[in-house]
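> Here you go, work.cif (mmCIF, C-alpha atoms):
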```
data_final
loop_
_atom_site.label_atom_id
_atom_site.label_comp_id
_atom_site.auth_asym_id
_atom_site.auth_seq_id
_atom_site.Cartn_x
_atom_site.Cartn_y
_atom_site.Cartn_z
CA MET A 248 -106.61 -34.51 35.67
CA LYS A 249 -104.13 -35.77 33.07
CA PRO A 250 -100.45 -35.08 33.73
CA ARG A 251 -99.18 -32.55 31.20
CA ILE A 252 -95.83 -33.30 29.58
CA LEU A 253 -93.54 -31.36 27.30
CA VAL A 254 -91.46 -33.28 24.76
CA VAL A 255 -88.50 -31.43 23.26
CA ASP A 256 -86.64 -32.96 20.32
CA ASP A 257 -85.45 -31.66 16.96
CA GLU A 258 -86.68 -34.80 15.18
CA GLU A 259 -90.33 -34.48 14.17
CA PRO A 260 -90.91 -38.28 13.92
CA ILE A 261 -89.89 -38.69 17.57
CA LEU A 262 -92.23 -35.90 18.68
CA LEU A 263 -95.13 -37.41 16.74
CA ALA A 264 -94.47 -40.94 17.98
CA ILE A 265 -94.35 -39.89 21.63
CA ARG A 266 -97.46 -37.71 21.28
CA GLU A 267 -99.42 -40.47 19.54
CA TYR A 268 -98.34 -43.09 22.08
CA PHE A 269 -98.79 -41.01 25.23
CA SER A 270 -102.03 -39.13 24.45
CA PRO A 271 -104.37 -42.14 24.74
CA ARG A 272 -102.54 -43.16 27.93
CA LYS A 273 -103.88 -40.32 30.03
CA PHE A 274 -101.21 -37.72 29.26
CA GLU A 275 -101.64 -34.29 27.77
CA VAL A 276 -98.67 -33.79 25.42
CA ASP A 277 -97.10 -30.58 24.08
CA CYS A 278 -94.10 -30.65 21.76
CA ALA A 279 -91.27 -28.26 20.93
CA ARG A 280 -88.40 -28.53 18.47
CA GLU A 281 -86.23 -25.65 19.68
CA LEU A 282 -84.81 -24.43 22.99
CA GLU A 283 -86.55 -21.04 22.81
CA GLU A 284 -89.95 -22.61 22.13
CA ALA A 285 -89.51 -25.03 25.05
CA GLU A 286 -88.48 -22.21 27.39
CA ALA A 287 -91.55 -20.17 26.40
CA LEU A 288 -93.85 -23.13 27.08
CA LEU A 289 -92.19 -23.85 30.45
CA SER A 290 -92.60 -20.20 31.39
CA HIS A 291 -96.36 -20.20 30.80
CA ILE A 292 -97.60 -23.75 31.39
CA ARG A 293 -97.25 -26.01 34.42
CA TYR A 294 -95.79 -29.34 33.31
CA ALA A 295 -95.58 -32.49 35.38
CA LEU A 296 -92.84 -33.90 33.14
CA LEU A 297 -90.27 -32.72 30.61
CA ILE A 298 -88.80 -35.23 28.15
CA ALA A 299 -85.86 -33.62 26.36
CA ASP A 300 -83.10 -34.53 23.96
CA LEU A 301 -79.63 -33.15 24.68
CA ARG A 302 -78.92 -32.04 21.11
CA LEU A 303 -81.42 -29.80 19.40
CA THR A 304 -79.43 -28.03 16.66
CA GLY A 305 -76.54 -30.21 15.65
CA ILE A 306 -74.06 -32.91 16.42
CA HIS A 307 -71.99 -30.87 18.89
CA SER A 308 -74.78 -29.02 20.66
CA ASN A 309 -75.98 -29.50 24.22
CA GLU A 310 -79.04 -27.25 24.43
CA GLY A 311 -80.69 -29.94 26.52
CA LEU A 312 -78.39 -29.07 29.42
CA GLU A 313 -79.43 -25.41 29.13
CA LEU A 314 -83.07 -26.49 29.07
CA ILE A 315 -82.56 -28.55 32.24
CA ARG A 316 -81.09 -25.52 34.00
CA PHE A 317 -83.98 -23.35 32.83
CA ALA A 318 -86.58 -25.91 33.90
CA ARG A 319 -85.04 -26.27 37.37
CA GLU A 320 -85.08 -22.49 37.85
CA ARG A 321 -88.56 -21.77 36.44
CA SER A 322 -90.39 -25.01 37.08
CA PRO A 323 -88.78 -26.87 40.02
CA TRP A 324 -91.80 -29.21 40.40
CA THR A 325 -91.35 -30.57 36.86
CA ARG A 326 -89.77 -34.02 36.67
CA ILE A 327 -87.20 -34.37 33.88
CA ILE A 328 -86.24 -37.23 31.58
CA VAL A 329 -83.33 -36.87 29.17
CA LEU A 330 -83.83 -39.07 26.10
CA THR A 331 -80.78 -38.93 23.86
CA GLY A 332 -78.89 -40.85 21.25
CA TYR A 333 -75.66 -39.10 22.21
CA GLY A 334 -75.30 -39.98 25.87
CA SER A 335 -72.07 -40.71 27.67
CA ALA A 336 -71.16 -41.35 31.28
CA GLU A 337 -69.86 -37.78 31.56
CA MET A 338 -73.02 -36.32 30.04
CA GLU A 339 -75.20 -38.42 32.33
CA THR A 340 -73.24 -37.24 35.37
CA GLU A 341 -73.65 -33.62 34.23
CA ALA A 342 -77.39 -34.04 33.61
CA VAL A 343 -78.04 -35.77 36.94
CA GLY A 344 -76.03 -33.06 38.69
CA ARG A 345 -78.40 -30.52 37.13
CA GLY A 346 -81.43 -32.32 38.51
CA VAL A 347 -82.52 -34.87 35.89
CA ASP A 348 -84.72 -37.68 37.21
CA ALA A 349 -83.86 -40.20 34.46
CA PHE A 350 -81.21 -40.36 31.72
CA LEU A 351 -82.25 -42.68 28.90
CA GLN A 352 -80.67 -43.74 25.63
CA LYS A 353 -82.39 -43.75 22.23
CA PRO A 354 -83.80 -45.91 20.92
CA MET A 355 -86.08 -46.52 23.88
CA PRO A 356 -89.25 -48.60 23.52
CA LEU A 357 -92.23 -46.28 24.00
CA ALA A 358 -93.81 -48.70 26.47
CA GLU A 359 -90.74 -48.44 28.73
CA LEU A 360 -90.66 -44.65 28.39
CA ALA A 361 -94.35 -44.50 29.26
CA ASP A 362 -93.79 -46.68 32.35
CA ILE A 363 -91.05 -44.34 33.58
CA ALA A 364 -93.18 -41.27 32.80
CA THR A 365 -96.14 -42.76 34.66
CA GLU A 366 -93.98 -43.52 37.69
CA LEU A 367 -92.44 -40.02 37.75
CA THR A 368 -95.82 -38.27 37.43
CA ARG A 369 -97.60 -40.44 39.97
CA PRO A 370 -98.91 -38.31 42.87
CA GLY A 371 -96.38 -38.37 45.68
CA ALA A 372 -93.57 -39.57 43.41
#
```
Could you render the structure as structure tokens?

Amino acid sequence: MKPRILVVDDEEPILLAIREYFSPRKFEVDCARELEEAEALLSHIRYALLIADLRLTGIHSNEGLELIRFARERSPWTRIIVLTGYGSAEMETEAVGRGVDAFLQKPMPLAELADIATELTRPGA
């Protein structure tokens, strides 16, 4: 069975690139552009992995942190990767404290992201 992942980012090109890269590599990929859509998907579908940006609606937003909290409460088995272009040491500390498995900076080569995703979704990981 393919691991199912949810990618949450407000930038459509990023969603499409990750979906196109991951789908042939034995992942089932769903995408969301908004916090509410991501929460609805997490509430109804069992995901092995969540890849989420921190900022979904603007330069000073941090909906990704809210999404991490929601995922930990509703889907504690889901591994979480934050993929952001706005990371800082403080933000990374906050995200890891909320239960993130990896905190990555954009741009990230898709091959490296796929390697991390594969490792996190490996049975027994």
> Given the file shown, enumerate the residues that the PyMOL selection byres ((chain A and resi 336-343) around 10) captures and present them as a VMD selection string.
chain A and resid 301 309 311 to 313 315 to 316 327 to 329 333 to 335 344 to 351
> What's the 7 Å shell around Asp277 of chain A, counting only C-alpha atoms, without same-chain residues fewer than 6 positions away, as an MDAnalysis selection string?
chainID A and resid 252:254
> Between atom CA of Glu366 of chain A and atom CA of Trp324 of chain A, what is the distance, to one decimal in Å?
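Atom CA of Trp324 of chain A lies at a distance of 14.7 Å from atom CA of Glu366 of chain A.
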> Once the PyMOL selection byres ((chain A and resi 284) around 12) is applied to the coordinates I shared, what remains selected? I want it as number ranges by chain.
A: 253-257, 277-283, 285-291, 303, 314
> Find, counting all atoms listed in the file, the residue in A:Arg302, A:Lys353, A:Arg319, A:Arg369 that gets nearest to Lys273 of chain A.
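Selected residue with least distance to Lys273 of chain A: A:Arg369.
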> Could you list the residues chosen by the PyMOL selection byres ((chain A and resi 295) around 9) in this structure as a VMD selection string?
chain A and resid 250 to 253 293 to 294 296 to 297 324 to 327 367 to 368
> Atom CA of Ile261 of chain A and atom CA of Leu330 of chain A, how far apart in Å?
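It comes out at 10.5 Å.
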> Give me, please, the distance in Å between atom CA of Gln352 of chain A and atom CA of Gly332 of chain A, quoted to one decimal.
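Atom-to-atom, atom CA of Gln352 of chain A and atom CA of Gly332 of chain A are spaced 5.5 Å apart.
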> Show which residues sit within 12 Å of Pro356 of chain A, as a PDB file with C-alpha atoms, keeping the file's coordinate frame. Count only C-alpha atoms, and ignore same-chain residues fewer than 6 positions away.

```
ATOM      1  CA  ILE A 261     -89.890 -38.690  17.570  1.00  0.00           C
ATOM      2  CA  ALA A 264     -94.470 -40.940  17.980  1.00  0.00           C
ATOM      3  CA  ILE A 265     -94.350 -39.890  21.630  1.00  0.00           C
ATOM      4  CA  TYR A 268     -98.340 -43.090  22.080  1.00  0.00           C
ATOM      5  CA  LEU A 330     -83.830 -39.070  26.100  1.00  0.00           C
ATOM      6  CA  ASP A 362     -93.790 -46.680  32.350  1.00  0.00           C
ATOM      7  CA  ILE A 363     -91.050 -44.340  33.580  1.00  0.00           C
TER       8      ILE A 363
END
```
